[in-house]
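Dropping query-v2.csv in here (CSV, C-alpha atoms):
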chain,number,residue,atom,x,y,z
A,291,MET,CA,12.3,-4.1,7.8
A,292,LEU,CA,12.4,-4.5,4.1
A,293,TYR,CA,9.7,-6.0,1.9
A,294,THR,CA,8.6,-5.8,-1.7
A,295,LEU,CA,5.2,-4.5,-2.9
A,296,GLN,CA,4.2,-4.8,-6.5
A,297,ILE,CA,1.6,-2.0,-7.1
A,298,GLY,CA,-0.6,-2.4,-10.2
A,299,THR,CA,-2.2,1.0,-10.8
A,300,GLY,CA,-4.0,-0.4,-13.8
A,301,SER,CA,-5.3,-3.5,-12.1
A,302,LYS,CA,-5.8,-1.8,-8.7
A,303,LYS,CA,-4.1,-4.8,-7.1
A,304,VAL,CA,-1.1,-4.9,-4.7
A,305,VAL,CA,1.0,-8.0,-4.1
A,306,GLN,CA,3.3,-8.2,-1.1
A,307,LEU,CA,6.1,-10.7,-1.7
A,308,PHE,CA,7.5,-12.9,1.0
A,309,LYS,CA,10.1,-15.6,0.6
A,310,ARG,CA,7.6,-18.4,0.3
A,311,SER,CA,4.2,-16.7,-0.3
A,312,GLN,CA,2.3,-13.7,-1.5
A,313,LEU,CA,-0.4,-11.5,0.0
A,314,GLN,CA,-2.8,-9.8,-2.3
A,315,MET,CA,-4.4,-6.4,-1.4
A,316,GLN,CA,-6.5,-3.8,-3.1
A,317,LEU,CA,-5.3,-0.3,-4.2
A,318,LYS,CA,-7.2,2.9,-4.0
A,319,GLU,CA,-5.5,5.8,-5.8
A,320,THR,CA,-6.2,9.4,-4.7
A,321,ASP,CA,-4.7,12.6,-6.0
A,322,SER,CA,-1.9,12.5,-3.3
A,323,HIS,CA,-1.7,8.9,-2.1
A,324,TYR,CA,-1.6,5.2,-2.9
A,325,GLU,CA,-3.9,3.6,-0.3
A,326,ILE,CA,-3.3,-0.1,0.2
A,327,GLY,CA,-5.7,-2.4,2.1
A,328,GLN,CA,-8.9,-4.3,1.8
A,329,TYR,CA,-12.3,-3.2,0.8
A,330,ILE,CA,-15.1,-4.0,3.3
A,331,ASP,CA,-17.4,-5.4,0.6
A,332,SER,CA,-17.8,-6.0,-3.1
A,333,SER,CA,-19.0,-2.5,-3.8
A,334,GLU,CA,-15.4,-1.3,-3.3
A,335,THR,CA,-16.5,2.0,-1.8
A,336,GLU,CA,-14.8,1.8,1.6
A,337,LEU,CA,-11.2,0.7,2.0
A,338,ILE,CA,-9.7,-0.3,5.3
A,339,PRO,CA,-6.2,1.0,4.7
A,340,LEU,CA,-3.0,-0.8,5.9
A,341,LEU,CA,-0.7,1.7,4.2
A,342,LYS,CA,-1.0,5.2,2.8
A,343,ILE,CA,2.0,6.1,0.6
A,344,ASN,CA,2.5,9.7,-0.5
A,345,LYS,CA,2.9,9.7,-4.3
A,346,MET,CA,5.3,12.6,-4.5
A,347,SER,CA,7.7,11.8,-1.7
A,348,LEU,CA,7.2,8.0,-1.5
A,349,VAL,CA,7.0,8.2,2.2
A,350,VAL,CA,4.5,6.1,4.1
A,351,ASP,CA,2.2,8.7,5.8
A,352,TYR,CA,0.1,6.0,7.5
A,353,SER,CA,0.8,2.4,8.6
A,354,ASN,CA,-1.5,0.4,10.8
A,355,LYS,CA,1.6,-1.4,12.2
A,356,GLY,CA,4.0,1.6,12.3
A,357,LYS,CA,5.1,3.8,15.2
A,358,LYS,CA,4.2,7.5,15.0
A,359,ASP,CA,7.8,8.7,15.1
A,360,GLU,CA,9.0,6.0,12.6
A,361,VAL,CA,9.6,7.2,9.0
A,362,ILE,CA,9.1,4.5,6.3
A,363,TYR,CA,10.6,5.3,2.9
A,364,CYS,CA,9.7,3.5,-0.4
A,365,LYS,CA,11.8,3.1,-3.4
A,366,LYS,CA,10.4,2.8,-6.9
A,367,THR,CA,12.0,0.3,-9.2
A,368,SER,CA,11.3,-0.7,-12.7

Could you write out this structure as structure tokens?
Amino acid sequence: MLYTLQIGTGSKKVVQLFKRSQLQMQLKETDSHYEIGQYIDSSETELIPLLKINKMSLVVDYSNKGKKDEVIYCKKTS
């Protein structure tokens, strides 16, 4: 499966692009990961993660839709 994510580290927003639409999510940045998901309320203290991407390796360490033995790689583009 291939899809495009635009990660805005400044805006703390993530946009997943589809052929005909877009899905907006929130970004929580930790020392080791980009956590992508939705906050449970407006205080933005607790994020329900959909993806956790390791910043160094760009490997998805957690996906709420992925299989445990499946490795998902990310590619950074400019």

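Taking CA of Val349 in chain A as the reference point, CA of Ser322 in chain A is found at 11.3 Å.
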
Could you give me, as an mmCIF file with C-alpha atoms, keeping the file's coordinate frame, the residues within 12 Å of Tyr293 in chain A, counting only C-alpha atoms and dropping anything in the same chain fewer than 4 positions from it?
data_model
loop_
_atom_site.group_PDB
_atom_site.id
_atom_site.type_symbol
_atom_site.label_atom_id
_atom_site.label_comp_id
_atom_site.auth_asym_id
_atom_site.auth_seq_id
_atom_site.Cartn_x
_atom_site.Cartn_y
_atom_site.Cartn_z
ATOM 1 C CA VAL A 305 1.000 -8.000 -4.100
ATOM 2 C CA GLN A 306 3.300 -8.200 -1.100
ATOM 3 C CA LEU A 307 6.100 -10.700 -1.700
ATOM 4 C CA PHE A 308 7.500 -12.900 1.000
ATOM 5 C CA LYS A 309 10.100 -15.600 0.600
ATOM 6 C CA GLN A 312 2.300 -13.700 -1.500
ATOM 7 C CA LEU A 313 -0.400 -11.500 0.000
ATOM 8 C CA ILE A 362 9.100 4.500 6.300
ATOM 9 C CA TYR A 363 10.600 5.300 2.900
ATOM 10 C CA CYS A 364 9.700 3.500 -0.400
ATOM 11 C CA LYS A 365 11.800 3.100 -3.400
#

Nearby residues (only C-alpha atoms) at most 10 Å from Met315 in chain A, same-chain spacing under 3 positions excluded, as a ChimeraX atom specification: /A:295,297,302-306,312,326-329,339-340

Dump of C-alpha atoms for the selected residues, as a tab-separated table (two decimals), in the coordinates of the input:
chain	number	residue	atom	x	y	z
A	295	LEU	CA	5.20	-4.50	-2.90
A	297	ILE	CA	1.60	-2.00	-7.10
A	302	LYS	CA	-5.80	-1.80	-8.70
A	303	LYS	CA	-4.10	-4.80	-7.10
A	304	VAL	CA	-1.10	-4.90	-4.70
A	305	VAL	CA	1.00	-8.00	-4.10
A	306	GLN	CA	3.30	-8.20	-1.10
A	312	GLN	CA	2.30	-13.70	-1.50
A	326	ILE	CA	-3.30	-0.10	0.20
A	327	GLY	CA	-5.70	-2.40	2.10
A	328	GLN	CA	-8.90	-4.30	1.80
A	329	TYR	CA	-12.30	-3.20	0.80
A	339	PRO	CA	-6.20	1.00	4.70
A	340	LEU	CA	-3.00	-0.80	5.90

Interatomic distance (Å, one decimal) between CA of Gly356 in chain A and CA of Leu341 in chain A: 9.4 Å

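CA of Ser333 in chain A is found 28.6 Å from CA of Met346 in chain A.
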